[in-house]
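The file upload-v8.pdb comes next; it holds PDB, C-alpha atoms.
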ATOM      1  CA  MET A   1      75.399 226.875 126.679  1.00  0.00           C
ATOM      2  CA  ARG A   2      72.830 224.710 128.359  1.00  0.00           C
ATOM      3  CA  ILE A   3      73.443 221.169 129.570  1.00  0.00           C
ATOM      4  CA  THR A   4      70.873 218.960 131.264  1.00  0.00           C
ATOM      5  CA  ARG A   5      71.190 215.460 132.712  1.00  0.00           C
ATOM      6  CA  ASP A   6      69.568 212.432 131.178  1.00  0.00           C
ATOM      7  CA  GLY A   7      70.518 209.480 133.348  1.00  0.00           C
ATOM      8  CA  ASP A   8      74.254 208.936 133.013  1.00  0.00           C
ATOM      9  CA  ALA A   9      74.433 211.164 129.922  1.00  0.00           C
ATOM     10  CA  PHE A  10      74.151 214.885 129.315  1.00  0.00           C
ATOM     11  CA  ILE A  11      72.097 216.726 126.705  1.00  0.00           C
ATOM     12  CA  ALA A  12      74.032 219.757 125.508  1.00  0.00           C
ATOM     13  CA  ARG A  13      72.214 222.458 123.559  1.00  0.00           C
ATOM     14  CA  LEU A  14      74.952 223.786 121.246  1.00  0.00           C
ATOM     15  CA  THR A  15      75.046 226.665 118.801  1.00  0.00           C
ATOM     16  CA  PRO A  16      76.584 226.104 115.357  1.00  0.00           C
ATOM     17  CA  ARG A  17      79.712 228.062 116.435  1.00  0.00           C
ATOM     18  CA  GLN A  18      80.113 225.938 119.569  1.00  0.00           C
ATOM     19  CA  VAL A  19      79.830 222.734 117.550  1.00  0.00           C
ATOM     20  CA  SER A  20      82.322 224.097 115.025  1.00  0.00           C
ATOM     21  CA  ALA A  21      84.850 225.023 117.730  1.00  0.00           C
ATOM     22  CA  MET A  22      84.564 221.587 119.327  1.00  0.00           C
ATOM     23  CA  TYR A  23      84.956 219.903 115.951  1.00  0.00           C
ATOM     24  CA  GLU A  24      87.979 222.029 115.022  1.00  0.00           C
ATOM     25  CA  ALA A  25      89.742 221.386 118.327  1.00  0.00           C
ATOM     26  CA  LEU A  26      89.188 217.631 118.246  1.00  0.00           C
ATOM     27  CA  SER A  27      89.944 217.150 114.557  1.00  0.00           C
ATOM     28  CA  TYR A  28      93.075 219.308 114.759  1.00  0.00           C
ATOM     29  CA  LEU A  29      94.534 217.256 117.588  1.00  0.00           C
ATOM     30  CA  ARG A  30      93.532 214.005 115.903  1.00  0.00           C
ATOM     31  CA  ASP A  31      94.963 214.993 112.513  1.00  0.00           C
ATOM     32  CA  ARG A  32      98.180 216.674 113.603  1.00  0.00           C
ATOM     33  CA  GLY A  33      99.961 213.357 113.832  1.00  0.00           C
ATOM     34  CA  SER A  34      99.352 212.744 117.503  1.00  0.00           C
ATOM     35  CA  SER A  35     100.542 209.260 118.315  1.00  0.00           C
ATOM     36  CA  ASP A  36      98.430 206.622 120.016  1.00  0.00           C
ATOM     37  CA  THR A  37     100.181 207.659 123.229  1.00  0.00           C
ATOM     38  CA  GLU A  38      99.967 211.438 122.759  1.00  0.00           C
ATOM     39  CA  LEU A  39      96.303 211.729 121.726  1.00  0.00           C
ATOM     40  CA  PRO A  40      94.923 210.054 124.880  1.00  0.00           C
ATOM     41  CA  LEU A  41      97.158 212.301 126.989  1.00  0.00           C
ATOM     42  CA  LEU A  42      95.794 215.381 125.208  1.00  0.00           C
ATOM     43  CA  VAL A  43      92.091 214.514 125.222  1.00  0.00           C
ATOM     44  CA  GLY A  44      91.626 211.606 127.605  1.00  0.00           C
ATOM     45  CA  ALA A  45      90.448 209.175 124.921  1.00  0.00           C
ATOM     46  CA  ASP A  46      91.823 206.954 122.194  1.00  0.00           C
ATOM     47  CA  ARG A  47      91.643 207.660 118.459  1.00  0.00           C
ATOM     48  CA  GLU A  48      88.514 205.533 117.994  1.00  0.00           C
ATOM     49  CA  ALA A  49      86.573 207.546 120.584  1.00  0.00           C
ATOM     50  CA  VAL A  50      87.804 210.848 119.142  1.00  0.00           C
ATOM     51  CA  ASP A  51      86.843 209.727 115.618  1.00  0.00           C
ATOM     52  CA  ALA A  52      83.350 208.764 116.783  1.00  0.00           C
ATOM     53  CA  LEU A  53      82.741 212.156 118.395  1.00  0.00           C
ATOM     54  CA  VAL A  54      84.237 214.068 115.462  1.00  0.00           C
ATOM     55  CA  GLU A  55      81.854 212.204 113.136  1.00  0.00           C
ATOM     56  CA  ARG A  56      78.897 213.341 115.254  1.00  0.00           C
ATOM     57  CA  LEU A  57      80.071 216.965 115.224  1.00  0.00           C
ATOM     58  CA  ILE A  58      81.026 217.198 111.543  1.00  0.00           C
ATOM     59  CA  GLY A  59      78.876 219.086 109.118  1.00  0.00           C
ATOM     60  CA  ARG A  60      77.448 222.475 108.454  1.00  0.00           C
ATOM     61  CA  HIS A  61      75.112 223.238 111.316  1.00  0.00           C
ATOM     62  CA  THR A  62      72.821 226.213 110.774  1.00  0.00           C
ATOM     63  CA  GLU A  63      70.881 226.268 114.013  1.00  0.00           C
ATOM     64  CA  SER A  64      71.283 225.212 117.615  1.00  0.00           C
ATOM     65  CA  ARG A  65      70.648 221.565 118.363  1.00  0.00           C
ATOM     66  CA  ASP A  66      70.934 219.004 121.112  1.00  0.00           C
ATOM     67  CA  PHE A  67      73.842 216.584 121.394  1.00  0.00           C
ATOM     68  CA  ARG A  68      73.750 213.637 123.771  1.00  0.00           C
ATOM     69  CA  LEU A  69      77.190 213.387 125.367  1.00  0.00           C
ATOM     70  CA  THR A  70      78.704 211.095 127.940  1.00  0.00           C
ATOM     71  CA  ARG A  71      80.828 212.436 130.781  1.00  0.00           C
ATOM     72  CA  GLU A  72      83.862 211.079 128.902  1.00  0.00           C
ATOM     73  CA  GLU A  73      82.872 212.953 125.733  1.00  0.00           C
ATOM     74  CA  ILE A  74      82.430 216.191 127.667  1.00  0.00           C
ATOM     75  CA  HIS A  75      85.874 215.632 129.146  1.00  0.00           C
ATOM     76  CA  MET A  76      87.241 214.973 125.654  1.00  0.00           C
ATOM     77  CA  VAL A  77      85.767 218.239 124.326  1.00  0.00           C
ATOM     78  CA  HIS A  78      87.012 220.264 127.287  1.00  0.00           C
ATOM     79  CA  SER A  79      90.485 218.761 126.988  1.00  0.00           C
ATOM     80  CA  ALA A  80      90.649 219.435 123.246  1.00  0.00           C
ATOM     81  CA  LEU A  81      89.584 223.059 123.724  1.00  0.00           C
ATOM     82  CA  THR A  82      92.307 223.594 126.310  1.00  0.00           C
ATOM     83  CA  ALA A  83      95.026 221.480 124.635  1.00  0.00           C
ATOM     84  CA  ALA A  84      94.751 222.759 121.050  1.00  0.00           C
ATOM     85  CA  PRO A  85      96.074 226.240 121.881  1.00  0.00           C
ATOM     86  CA  THR A  86      99.163 224.747 123.521  1.00  0.00           C
ATOM     87  CA  MET A  87     100.181 223.383 120.118  1.00  0.00           C
ATOM     88  CA  PHE A  88     100.688 227.001 119.007  1.00  0.00           C
ATOM     89  CA  ILE A  89     103.250 228.010 121.628  1.00  0.00           C
ATOM     90  CA  GLU A  90     106.364 229.350 119.936  1.00  0.00           C
ATOM     91  CA  ARG A  91     109.915 229.566 121.193  1.00  0.00           C
ATOM     92  CA  GLY A  92     110.092 231.837 124.155  1.00  0.00           C
ATOM     93  CA  GLY A  93     106.696 230.657 125.367  1.00  0.00           C
ATOM     94  CA  LEU A  94     104.622 233.082 123.318  1.00  0.00           C
ATOM     95  CA  PHE A  95     101.269 232.080 121.892  1.00  0.00           C
ATOM     96  CA  ALA A  96     101.001 232.358 118.072  1.00  0.00           C
ATOM     97  CA  GLN A  97      97.542 233.891 117.677  1.00  0.00           C
ATOM     98  CA  GLU A  98      97.573 234.336 113.902  1.00  0.00           C
ATOM     99  CA  PRO A  99      98.514 230.733 112.986  1.00  0.00           C
ATOM    100  CA  PHE A 100      95.983 229.500 115.559  1.00  0.00           C
ATOM    101  CA  HIS A 101      93.231 231.646 114.060  1.00  0.00           C
ATOM    102  CA  ILE A 102      94.135 230.719 110.485  1.00  0.00           C
ATOM    103  CA  ARG A 103      94.166 226.968 111.219  1.00  0.00           C
ATOM    104  CA  LEU A 104      91.230 226.718 113.613  1.00  0.00           C
ATOM    105  CA  GLY A 105      89.052 229.666 112.580  1.00  0.00           C
ATOM    106  CA  PHE A 106      88.681 230.962 116.130  1.00  0.00           C
ATOM    107  CA  TYR A 107      90.573 233.081 118.595  1.00  0.00           C
ATOM    108  CA  ARG A 108      92.053 231.475 121.675  1.00  0.00           C
ATOM    109  CA  GLU A 109      89.639 233.476 123.809  1.00  0.00           C
ATOM    110  CA  ASN A 110      86.766 231.676 122.064  1.00  0.00           C
ATOM    111  CA  PHE A 111      88.205 228.277 122.999  1.00  0.00           C
ATOM    112  CA  ASP A 112      88.895 229.410 126.580  1.00  0.00           C
ATOM    113  CA  ALA A 113      85.380 230.787 127.022  1.00  0.00           C
ATOM    114  CA  LEU A 114      83.788 227.651 125.572  1.00  0.00           C
ATOM    115  CA  ALA A 115      85.921 225.354 127.748  1.00  0.00           C
ATOM    116  CA  TYR A 116      84.849 227.333 130.797  1.00  0.00           C
ATOM    117  CA  ALA A 117      81.181 227.242 129.718  1.00  0.00           C
ATOM    118  CA  VAL A 118      81.316 223.465 129.212  1.00  0.00           C
ATOM    119  CA  VAL A 119      82.561 222.866 132.746  1.00  0.00           C
ATOM    120  CA  ARG A 120      80.204 225.386 134.320  1.00  0.00           C
ATOM    121  CA  ALA A 121      77.125 224.047 132.462  1.00  0.00           C
ATOM    122  CA  ALA A 122      77.969 220.414 133.199  1.00  0.00           C
ATOM    123  CA  ALA A 123      78.537 221.185 136.879  1.00  0.00           C
ATOM    124  CA  GLU A 124      75.185 222.963 137.082  1.00  0.00           C
ATOM    125  CA  ALA A 125      73.432 220.023 135.424  1.00  0.00           C
TER     126      ALA A 125
END
With the file now loaded, output its structure as structure tokens.
Amino acid sequence: MRITRDGDAFIARLTPRQVSAMYEALSYLRDRGSSDTELPLLVGADREAVDALVERLIGRHTESRDFRLTREEIHMVHSALTAAPTMFIERGGLFAQEPFHIRLGFYRENFDALAYAVVRAAAEA
């Protein structure tokens, strides 16, 4: 992942898989019935902001492309990537890998690696 600064915003060069993971994390948290109190706690933004970013990420992307993101949107993406897996913790504190993979189309390790890459790339920008 590559992120560069453009004034107060960031330009993130994202692969189709990265965009898909971000979309899946955000849309899952938005659509799972998160209340107007819970969603901002999970992703640091209200439903309107999440909807706006989801709309920008939606679609079948076939090649890498640039996305202009604010610091708040980067925070939203990072939070969604780290919060979504917590919704798949079963009794006894075990992570339910199969339901996570079936619903989101990724393994938890993919979300963890992308969340780490987002922070690292933004910090280097």
_Residues near A:Gln97, anyone? I mean within 12 Å using all atoms listed in the file, not counting same-chain ones fewer than 4 positions away, as an NGL selection string._
:A and (84-90 or 101-110)
7 Å contact set for A:Leu69, all atoms listed in the file, chain neighbours under 4 positions out, as a short mmCIF file (atom, residue, chain, number, x, y, z; two decimals) with C-alpha atoms, in the frame of the given file:
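What ended up in out-v7.cif:
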data_model
loop_
_atom_site.label_atom_id
_atom_site.label_comp_id
_atom_site.auth_asym_id
_atom_site.auth_seq_id
_atom_site.Cartn_x
_atom_site.Cartn_y
_atom_site.Cartn_z
CA ALA A 9 74.43 211.16 129.92
CA PHE A 10 74.15 214.88 129.32
CA ILE A 11 72.10 216.73 126.70
CA GLU A 73 82.87 212.95 125.73
CA ILE A 74 82.43 216.19 127.67
#
_Can you translate the PyMOL selection byres ((chain A and resi 45-57) around 7) into the concrete residues it hits in this file, as a list in words?_
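Selected by the PyMOL selection byres ((chain A and resi 45-57) around 7) in this file: Val19, Tyr23, Leu26, Ser27, Asp36, Leu39, Pro40, Val43, Gly44, Ile58, Gly59 and Met76 of chain A.
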Residues from last step as file, C-alpha atoms, as a PDB file, in the coordinates of the input:
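Just written: out_22.pdb:
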ATOM      1  CA  VAL A  19      79.830 222.734 117.550  1.00  0.00           C
ATOM      2  CA  TYR A  23      84.956 219.903 115.951  1.00  0.00           C
ATOM      3  CA  LEU A  26      89.188 217.631 118.246  1.00  0.00           C
ATOM      4  CA  SER A  27      89.944 217.150 114.557  1.00  0.00           C
ATOM      5  CA  ASP A  36      98.430 206.622 120.016  1.00  0.00           C
ATOM      6  CA  LEU A  39      96.303 211.729 121.726  1.00  0.00           C
ATOM      7  CA  PRO A  40      94.923 210.054 124.880  1.00  0.00           C
ATOM      8  CA  VAL A  43      92.091 214.514 125.222  1.00  0.00           C
ATOM      9  CA  GLY A  44      91.626 211.606 127.605  1.00  0.00           C
ATOM     10  CA  ILE A  58      81.026 217.198 111.543  1.00  0.00           C
ATOM     11  CA  GLY A  59      78.876 219.086 109.118  1.00  0.00           C
ATOM     12  CA  MET A  76      87.241 214.973 125.654  1.00  0.00           C
TER      13      MET A  76
END
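For the residues A:Phe111, A:Ala123, A:Leu42, A:Arg5, ranking by smallest atom-to-atom distance to A:Leu81 using all atoms listed in the file places A:Phe111 first.
Counting all atoms listed in the file, the residue from A:Leu94, A:Val118, A:Met1, A:Leu41 that sits nearest to A:His78 is A:Val118.
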*How far is it from atom CA of A:Ala113 to atom CA of A:Ser64, in Å with one decimal?*
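Between atom CA of A:Ala113 and atom CA of A:Ser64 the gap works out to 17.8 Å.
Between atom CA of A:Met22 and atom CA of A:Ala115 the separation is 9.3 Å.
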_Using only C-alpha atoms for the distances, tell me which of A:Asp112, A:Glu72, A:Glu63, A:Glu124 is nearest to A:Arg13._
A:Glu63
_A:Ala96, A:Ala83, A:Ala121, A:Phe67 ranked by distance to A:Arg30, top pick (using all atoms listed in the file)_ =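 Result for the nearest residue to A:Arg30: A:Ala83.
Going from atom CA of A:Phe100 over to atom CA of A:Thr37, you cover 23.5 Å.
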Could the centre and edge lengths of an axis-aligned box, enclosing all atoms of stretch 60-64 of chain A in the file with 8 Å extra on each side, be given in Å to one decimal as AutoDock Vina command-line options?
--center_x 74.2 --center_y 224.4 --center_z 113.0 --size_x 22.6 --size_y 19.8 --size_z 25.2
